[in-house]
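Asker: Quick one, final_28.tsv (TSV, C-alpha atoms):
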```
chain	number	residue	atom	x	y	z
A	1	MET	CA	-7.11	11.36	6.16
A	2	PRO	CA	-7.80	7.75	7.08
A	3	LYS	CA	-4.73	5.57	7.52
A	4	HIS	CA	-4.96	2.05	6.08
A	5	GLU	CA	-2.57	-0.83	6.65
A	6	PHE	CA	-1.99	-3.53	4.05
A	7	SER	CA	0.10	-6.67	3.91
A	8	VAL	CA	1.99	-6.94	0.61
A	9	ASP	CA	4.18	-9.94	-0.22
A	10	MET	CA	7.37	-7.93	-0.85
A	11	THR	CA	10.71	-9.70	-0.76
A	12	CYS	CA	13.17	-7.10	-2.03
A	13	GLU	CA	13.82	-3.44	-2.78
A	14	GLY	CA	12.49	-3.98	-6.31
A	15	CYS	CA	9.14	-5.05	-4.84
A	16	SER	CA	8.91	-1.94	-2.68
A	17	ASN	CA	9.87	0.23	-5.69
A	18	THR	CA	6.98	-1.32	-7.63
A	19	VAL	CA	4.58	-0.50	-4.77
A	20	THR	CA	5.92	3.06	-4.71
A	21	ARG	CA	5.41	3.39	-8.48
A	22	VAL	CA	1.76	2.21	-8.50
A	23	LEU	CA	0.82	4.35	-5.49
A	24	ASN	CA	2.47	7.47	-6.93
A	25	LYS	CA	0.63	6.85	-10.20
A	26	LEU	CA	-2.70	6.67	-8.30
A	27	GLY	CA	-2.00	9.98	-6.56
A	28	GLY	CA	-3.67	11.46	-3.49
A	29	VAL	CA	-1.78	9.14	-1.15
A	30	GLN	CA	0.93	9.39	1.47
A	31	PHE	CA	2.51	6.09	2.43
A	32	ASP	CA	5.23	4.29	4.33
A	33	ILE	CA	6.64	0.94	3.25
A	34	ASP	CA	7.91	-1.49	5.91
A	35	LEU	CA	9.78	-4.00	3.75
A	36	PRO	CA	11.04	-6.32	6.56
A	37	ASN	CA	7.47	-6.75	7.89
A	38	LYS	CA	5.88	-6.69	4.43
A	39	LYS	CA	3.48	-3.87	5.34
A	40	VAL	CA	2.35	-0.71	3.59
A	41	CYS	CA	0.62	2.06	5.57
A	42	ILE	CA	-1.34	4.46	3.38
A	43	ASP	CA	-2.96	7.80	4.27
A	44	SER	CA	-5.65	8.36	1.66
A	45	GLU	CA	-9.26	9.34	1.00
A	46	HIS	CA	-9.41	6.59	-1.66
A	47	SER	CA	-11.62	3.61	-0.83
A	48	VAL	CA	-10.09	0.38	0.47
A	49	ASP	CA	-11.23	-1.32	-2.76
A	50	THR	CA	-9.38	1.24	-4.88
A	51	LEU	CA	-6.23	0.85	-2.78
A	52	LEU	CA	-6.44	-2.96	-2.94
A	53	GLU	CA	-6.91	-2.85	-6.70
A	54	THR	CA	-3.96	-0.47	-7.09
A	55	LEU	CA	-1.67	-2.57	-4.89
A	56	GLY	CA	-2.83	-5.65	-6.79
A	57	LYS	CA	-1.31	-4.19	-9.96
A	58	THR	CA	2.09	-5.06	-8.46
A	59	GLY	CA	1.36	-8.75	-9.01
A	60	LYS	CA	2.05	-9.41	-5.32
A	61	ALA	CA	-0.34	-11.00	-2.82
A	62	VAL	CA	-2.14	-8.18	-1.02
A	63	SER	CA	-4.47	-8.17	1.98
A	64	TYR	CA	-6.11	-5.44	4.03
A	65	LEU	CA	-5.03	-5.43	7.67
A	66	ALA	CA	-6.55	-2.46	9.49
A	67	LEU	CA	-7.89	1.06	9.54
A	68	ASP	CA	-6.20	3.45	11.96
A	69	PRO	CA	-8.66	6.22	12.82
```
Show the structure stored in the file as structure tokens.

Answerer:
Amino acid sequence: MPKHEFSVDMTCEGCSNTVTRVLNKLGGVQFDIDLPNKKVCIDSEHSVDTLLETLGKTGKAVSYLALDP
């Protein structure tokens, strides 16, 4: 599965819980949240657009950083 890295403007545990909730609702993803560095790494077959849209539901600023082959 492709691994995607996103920057998400998370400031607290509540923010990371919100990210966890929207990604679990999407399904078909494995992810790690790096709260101190405000990064989310996602293993998924979903498109980058779908992942950006899903992360955007958190209400936080989101940007795509990289694809790890």

Asker: Hey, what's within 10 Å of Gly27 of chain A if we count all atoms listed in the file and toss same-chain stuff fewer than 5 positions away? As a list of chain:residue names, please?

Answerer: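 Selected residues are A:Val22, A:Ser44, A:His46.
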
Asker: Considering all atoms listed in the file, can you say which of A:Glu13, A:Asp49, A:Glu5, A:Asp68 comes closest to Asp32 of chain A?

Answerer: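 The closest residue to Asp32 of chain A is A:Glu5.
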
Asker: Env of Pro2 of chain A: 12 Å cut, atoms = only C-alpha atoms, seq-sep filter 6 positions within chain, self excluded. Answer as an MDAnalysis selection string.

Answerer: chainID A and resid 28:31 41:48 66:69

Asker: Which residue, A:Asn37, A:Gly14, A:Leu26, A:Val19, has the smallest gap to Gly56 of chain A when you use only C-alpha atoms?

Answerer: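 Nearest to Gly56 of chain A: A:Val19.
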
Asker: Quick one: distance from atom CA of Thr18 of chain A to atom CA of Ile33 of chain A in Å, one decimal?

Answerer: 11.1 Å

Asker: Check the smallest atom-to-atom distance from each of A:Lys25, A:Leu51, A:Asn17, A:Asp34 to Ser63 of chain A using all atoms listed in the file, then report the winner.

Answerer: A:Leu51

Asker: Go through A:Lys38, A:Lys3, A:Val8, A:Cys15 one by one, measure the shortest atom-to-atom distance of each to Val62 of chain A using all atoms listed in the file, and give the residue with the smallest value.

Answerer: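 Looking only at the distances to Val62 of chain A, the closest residue turns out to be A:Val8.
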
Asker: Just how far from atom CA of Ser16 of chain A is atom CA of Lys60 of chain A, in Å to one decimal?

Answerer: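 According to the coordinates, atom CA of Lys60 of chain A and atom CA of Ser16 of chain A are separated by 10.5 Å.
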
Asker: Which residue, A:Leu65, A:Thr54, A:Asn24, A:Gly59, has the smallest gap to Asp9 of chain A when you use only C-alpha atoms?

Answerer: A:Gly59

Asker: Taking all atoms of segment 6-9 of chain A that the file lists and extending 6 Å past them on each side, where is the centre of the axis-aligned box and how long are its edges? Answer in Å to one decimal, as AutoDock Vina command-line options.

Answerer:
```
--center_x 1.1 --center_y -6.7 --center_z 1.9 --size_x 18.2 --size_y 18.4 --size_z 16.3
```

Asker: Point out the residue among A:Phe6, A:Thr58, A:Pro36, A:Leu52 with the least atom-to-atom distance to Thr20 of chain A, counting all atoms listed in the file.

Answerer: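 So, comparing all the options, the nearest one is A:Thr58.
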